[in-house]
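Worksheet: one structure, shown below.
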Amino acid sequence: MGAQEAVSASGMAPIDANSFQSFELYENRVSFFMIGTNNDKSLYKILTIDRLKPSELDISEDPNTYNETEYNELIEKIKEDSIPNGGFNFVTHCYGIIGFIKFLGPYYMLLITEREKIGDIFGHAIYKPAKSRRILVPCIPFNFDDIKYENRYKNLCSMIDVTKDFYYSHTYNVMRSLQKNLLGTLSDQNVYDSMFVWNEYLTRHLRSSAKSGIWTVPLVYGFFKQENYSVSENNFIFTLIGRRSRYFAGTRYLRRGVNTMGRVANDVETEQIVVEDVPNPTRISSILQHRGSIPLFWSQETNLFNPKPDIILGKNMGYEATLLHFKHLEKRYGTPIIILNLIKQKKEKRPRESLLRREFVKAIENINNQLPPKNQLQYLHWDVHMKPRGRPALEVLVRLAKIAEDSLKKTGYFYSRVPPPDGPDPLACWSAYLKKHISDENNSSDNTNGDNTDDTETLGEGSQCTSSSSDTSAVGTTEDIEILNPESPMFQKGILRTNCIDCLDRTNVAQYAFGLVALWHQLHALGLVDDRYIDLDYPLARNLMRLYEIMGDTLARQYGGSDAHNKIFSERRGHTKFLIRTHEFFRTIQRHYSNALMDANKQAAINLFLGNFEPEPDKPAIWEIGFSKPVPEGDQVLDRTSSLMRRALSDGSILDRKHLGSCPIGKGGASSSSTCSCVCTPSEAQKHFVSDNELATDNEEYEESNFFDTSVLYGELPAMSSPIIFSPTTNTPTRSTGDVNDVPSAEDASTSESRENEEEIFRGKQLIKVPGFSDKFRYWVEHEELMGFY
């Protein structure tokens with residue numbers, strides 16, 4: 001976050017507004033007074049919030065910055081003025097304003113009252129809100145007829161627990177990648193424009209009223225975990241970050257596919273940062289990958305009685321929204337854009353995933369036909385269900401590691417090595433070094449990864465950061481590590497985009513495989529390991545698997561309502577089939593229950609928090625219209641589906657009054673648009689969907705990949721008597737040579753020893769008492785595809 005300057009009334013020198021991290025809230029009957037102070041309590045600023053306007057928000061900031069003496073004098077004067085107004089009373093201590101929200105009546109102020117440090121990035125602390133508080137702003141009685149609706153809105157909004165999976169920093173732009181933070185510039189005025197800042201709407205009025213940005217903190221939603229590790233007696237700090245987009249955000253069946261603005265559901269950016277753990281680290285590295293819903297117009301219906309709802313595919317003529325989605329990705333990450341599509345291709349009794357796979361292939365081919373070869377999307381469609389049987393977890397991970405290696409060679413990763421910084425802020429030193437390096441080499445770029453803007457440049461127009469090595473065209477790729485000057489930075493350009501049907505279970509395993517391959521390259525670049533050979537049984541690999549599993553569970557709860565299906569990870573730990581199936585069964589039940597009964601309210605809460613729906617008196621409430629869609633360009637849309645069986649239409653079927661003439665069933669006749677844009681009832685909207693029979697007759701074969709040798713995915717692995725090692729420099733696995741790295745950690749040993757007891761505990765609880773169920777039910781538990789991703 002860029003520092004802001006303020007000048008005191010006594011002519012003091014400019015100050016760093018980022019040092020204002022502690023606040024106290026006082027009140028009288030007329031106003032709230034938010035008083036901010038810097039770390040050593042030598043400087044103070046004051047924000048005043050009017051309490052006499054029942055349904056308006058009037059905020060003013062004192063432009064002066066006060067020293068301690070001036071502050072005490074000012075407070076005494078405020079106390080005297082407050083005597084007729086009930087006195088000057090302390091309300092609470094806080095660490096920032098989350099924002100202001102209004103339903104049908106008054107405004108409420110949301111505060112972070114306690115915080116917990118969860119990590120730091122080069123001395124910049126990262127926090128999560130530990131406690132929050134909602135405070136009614138007006139002090140005068142507020143009488144209105146819709147008090148029951150007001151209370152219901154408050155209860156809905158309370159479902160967004162900011163103390164769970166939200167994080168922020170006062171001094172570091174945690175909503176952006178490390179590479180973008182070091183190469184780019186972003187002022188406080190537009191930091192909230194990031195797609196990953198979830199309280200942008202809540203802070204909008206305050207940010208427009210106050211001149212400084214000290215009062216609010218940008219909240220990021222997703223996952224943050226930082227741990228210290230050691231490899232070959234070298235210590236390093238590992239940080240894993242998941243950033244969830246606020247665009248087209250929501251729950252599993254109520255947010256599917258892509259909307260008309262190219263935003264996809266369950267859009268998550270994953271970053272892993274590796275830094276040597278020394279007092280003055282001189283080598284840093286990070287890498288990004290992406291997950292997101294299949295960028296087509298598609299939906300599913302769900303209710304209590306249908307755990308596997310049909311997939312309803314919308315008309316995607318021209319694939320304009322799909323193209324727009326990939327434009328956004330290029331603007332954020334550059335090229336190449338590599339697509340790893342893990343949904344099924346095998347025959348299904350009733351086509352579901354295969355429908356989407358076929359249409360996604362068509363979309364990619366259609367888009368590539370419009371692009372020059374160098375800018376075309378690179379893709380791999382791999383059905384993990386078609387893997388060879390025998391050692392499922394091991395074989396899937398080995399093959400995913402090969403895919404990851406090929407992808408990493410194309411995108412590269414960020415790495416920089418500089419002399420020890422001589423300033424108080426290492427990040428500032430690195431930033432200055434990198435900018436000077438790029439300037440000197442005349443390789444500056446406007447399109448480095450992590451540019452979280454809404455710009456929609458044409459694919460292929462942006463230039464890329466390049467290395468100082470003038471004879472290399474693929475900057476920062478793993479192939480260049482040996483030939484580059486160790487002082488030359490490398491930059492990631494491009495992104496690996498992974499999806500399965502929900503971007504949860506299979507996707508998380510694939511992201512772990514990519515993260516594992518990338519980690520070894522990062523450690524090698526930092527000089528912490530001598531080679532880039534990956535032992536899947538190495539303790540560090542298992543620790544990384546644990547972190548990705550935790551992240552996967554966290555993201556799955558946010559989107560799907562349950563922990564992720566982790567059959568691969570459970571098998572790698574040696575859990576028995578009975579234990580795995582038991583876990584998977586109850587996660588399936590939990591997810592189905594959440595999707596059918598809880599998600600409508602969760603979606604309504606998200607829409608309120610993000611400002612996608614603004615309640616108004618004498619207008620339908622959010623629960624009366626089912627759920628509120630994100631509204632393109634401010635146009636209000638009503639979804640008239642029932643409350644029990646809600647169709648999770650992606651925005652391909654959002655009904656936009658402004659384009660009535662282009663609808664095939666509207667006055668304009670046949671449309672060349674890629675979406676339905678009319679005001680029609682759900683029964684009419686149904687006519688825009690492609691039927692199962694229509695797509696089931698499409699037997700055209702498609703190329704599985706345009707960059708990867710798919711024979712690697714289907715061949716048998718060699719027989720092994722020792723742990724497998726995958727070498728990134730070869731196309732085949734090699735055997736372990738009995739290296740010390742093969743010795744499992746104490747954690748692995750204890751896990752192995754406790755397996756028997758763990759199974760006994762589950763049997764003791766009688767979670768599934770086999771004799772009490774019919775043969776048909778037991779067969780479903782053991783073989784139903786819903787139970788996991790096999």
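Ordering of the structure tokens sets the chain letters (A, B, ...); residue numbers start at 1 within each chain; ligands are numbered from 1 in the order shown.
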
Could you pull out all residues of segment 145-366 of chain A with a DSSP call of helix (DSSP H, G or I) and give them as JSON, numbers by chain?
{"A": [147, 148, 149, 150, 151, 152, 153, 154, 155, 156, 157, 178, 179, 180, 181, 182, 183, 191, 192, 193, 200, 201, 202, 203, 204, 205, 206, 207, 208, 209, 317, 318, 319, 320, 321, 322, 323, 324, 325, 326, 327, 328, 329, 330, 331, 332, 333, 353, 354, 355, 356, 357, 358, 359, 360, 361, 362, 363, 364, 365, 366]}

A:Asn67, A:Asn566, A:Thr216, A:Gln603 ranked by distance to Met109 of chain A, top pick (using only C-alpha atoms):
A:Thr216

So that I can check the surroundings of Trp520 of chain A, please list as a PyMOL selection string every protein, DNA and RNA residue that reaches within 9 Å of it, counting only C-alpha atoms and ignoring chain neighbours fewer than 5 positions away.
chain A and resi 515+525+529+531-534

Go ahead and save the residues from that selection, with all heavy atoms, as a compact mmCIF listing (two decimals), in the first residue's frame.
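File produced: out-v1.txt:
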# COMPACT_ATOMS: atom_id res chain seq x y z
N GLY A 515 2.54 -27.18 -7.60
CA GLY A 515 3.26 -26.51 -6.53
C GLY A 515 4.50 -27.28 -6.10
O GLY A 515 5.54 -26.69 -5.78
N ALA A 525 16.79 -22.72 -7.50
CA ALA A 525 17.19 -21.38 -7.90
C ALA A 525 17.76 -20.61 -6.72
O ALA A 525 18.70 -19.81 -6.87
CB ALA A 525 16.00 -20.63 -8.50
N VAL A 529 18.98 -26.47 -2.71
CA VAL A 529 19.16 -27.87 -3.08
C VAL A 529 20.05 -27.92 -4.31
O VAL A 529 20.11 -26.97 -5.09
CB VAL A 529 17.81 -28.56 -3.37
CG1 VAL A 529 16.95 -28.61 -2.11
CG2 VAL A 529 17.05 -27.87 -4.49
N ASP A 531 19.88 -30.28 -6.79
CA ASP A 531 19.24 -30.76 -8.01
C ASP A 531 17.76 -30.45 -7.94
O ASP A 531 17.25 -29.89 -6.98
CB ASP A 531 19.47 -32.26 -8.20
CG ASP A 531 19.02 -33.06 -6.98
OD1 ASP A 531 17.91 -32.78 -6.46
OD2 ASP A 531 19.75 -33.96 -6.55
N ARG A 532 17.05 -30.84 -9.01
CA ARG A 532 15.62 -30.59 -9.08
C ARG A 532 14.84 -31.91 -9.17
O ARG A 532 13.83 -32.00 -9.82
CB ARG A 532 15.31 -29.69 -10.27
CG ARG A 532 15.71 -28.25 -10.06
CD ARG A 532 15.67 -27.48 -11.36
NE ARG A 532 16.82 -27.79 -12.19
CZ ARG A 532 16.92 -27.48 -13.48
NH1 ARG A 532 15.93 -26.88 -14.07
NH2 ARG A 532 18.00 -27.79 -14.17
N TYR A 533 15.34 -32.94 -8.50
CA TYR A 533 14.66 -34.22 -8.47
C TYR A 533 13.62 -34.22 -7.36
O TYR A 533 13.89 -33.80 -6.23
CB TYR A 533 15.66 -35.36 -8.26
CG TYR A 533 16.50 -35.64 -9.48
CD1 TYR A 533 17.58 -34.83 -9.80
CD2 TYR A 533 16.19 -36.71 -10.31
CE1 TYR A 533 18.35 -35.08 -10.92
CE2 TYR A 533 16.97 -36.96 -11.45
CZ TYR A 533 18.03 -36.14 -11.74
OH TYR A 533 18.80 -36.38 -12.85
N ILE A 534 12.46 -34.73 -7.67
CA ILE A 534 11.34 -34.67 -6.73
C ILE A 534 11.04 -36.07 -6.21
O ILE A 534 10.67 -36.96 -6.97
CB ILE A 534 10.08 -34.10 -7.41
CG1 ILE A 534 10.39 -32.73 -7.99
CG2 ILE A 534 8.91 -34.04 -6.44
CD1 ILE A 534 9.34 -32.25 -8.93

Considering only C-alpha atoms, return as a PDB file with N, CA, C and O atoms, in the first residue's frame whatever protein or nucleic-acid residues lie within 9 Å of Lys102 of chain A, sequence-local ones (same chain, fewer than 5 positions apart) excluded.
ATOM      1  N   SER A  55     -30.729   8.081   8.050  1.00  0.00           N
ATOM      2  CA  SER A  55     -30.464   7.134   6.967  1.00  0.00           C
ATOM      3  C   SER A  55     -29.412   7.632   5.988  1.00  0.00           C
ATOM      4  O   SER A  55     -29.332   7.145   4.866  1.00  0.00           O
ATOM      5  N   TYR A 107     -27.448   3.202   8.833  1.00  0.00           N
ATOM      6  CA  TYR A 107     -26.143   2.635   8.507  1.00  0.00           C
ATOM      7  C   TYR A 107     -25.556   1.941   9.732  1.00  0.00           C
ATOM      8  O   TYR A 107     -25.809   2.329  10.878  1.00  0.00           O
ATOM      9  N   TYR A 108     -24.732   0.932   9.459  1.00  0.00           N
ATOM     10  CA  TYR A 108     -23.976   0.239  10.497  1.00  0.00           C
ATOM     11  C   TYR A 108     -22.495   0.335  10.153  1.00  0.00           C
ATOM     12  O   TYR A 108     -22.105   0.260   8.981  1.00  0.00           O
ATOM     13  N   GLU A 614     -28.721  -4.262  -3.350  1.00  0.00           N
ATOM     14  CA  GLU A 614     -28.920  -3.203  -2.370  1.00  0.00           C
ATOM     15  C   GLU A 614     -30.398  -3.145  -2.001  1.00  0.00           C
ATOM     16  O   GLU A 614     -31.236  -2.822  -2.842  1.00  0.00           O
ATOM     17  N   PRO A 615     -30.732  -3.481  -0.757  1.00  0.00           N
ATOM     18  CA  PRO A 615     -32.147  -3.476  -0.352  1.00  0.00           C
ATOM     19  C   PRO A 615     -32.756  -2.081  -0.459  1.00  0.00           C
ATOM     20  O   PRO A 615     -32.093  -1.068  -0.211  1.00  0.00           O
TER      21      PRO A 615
END
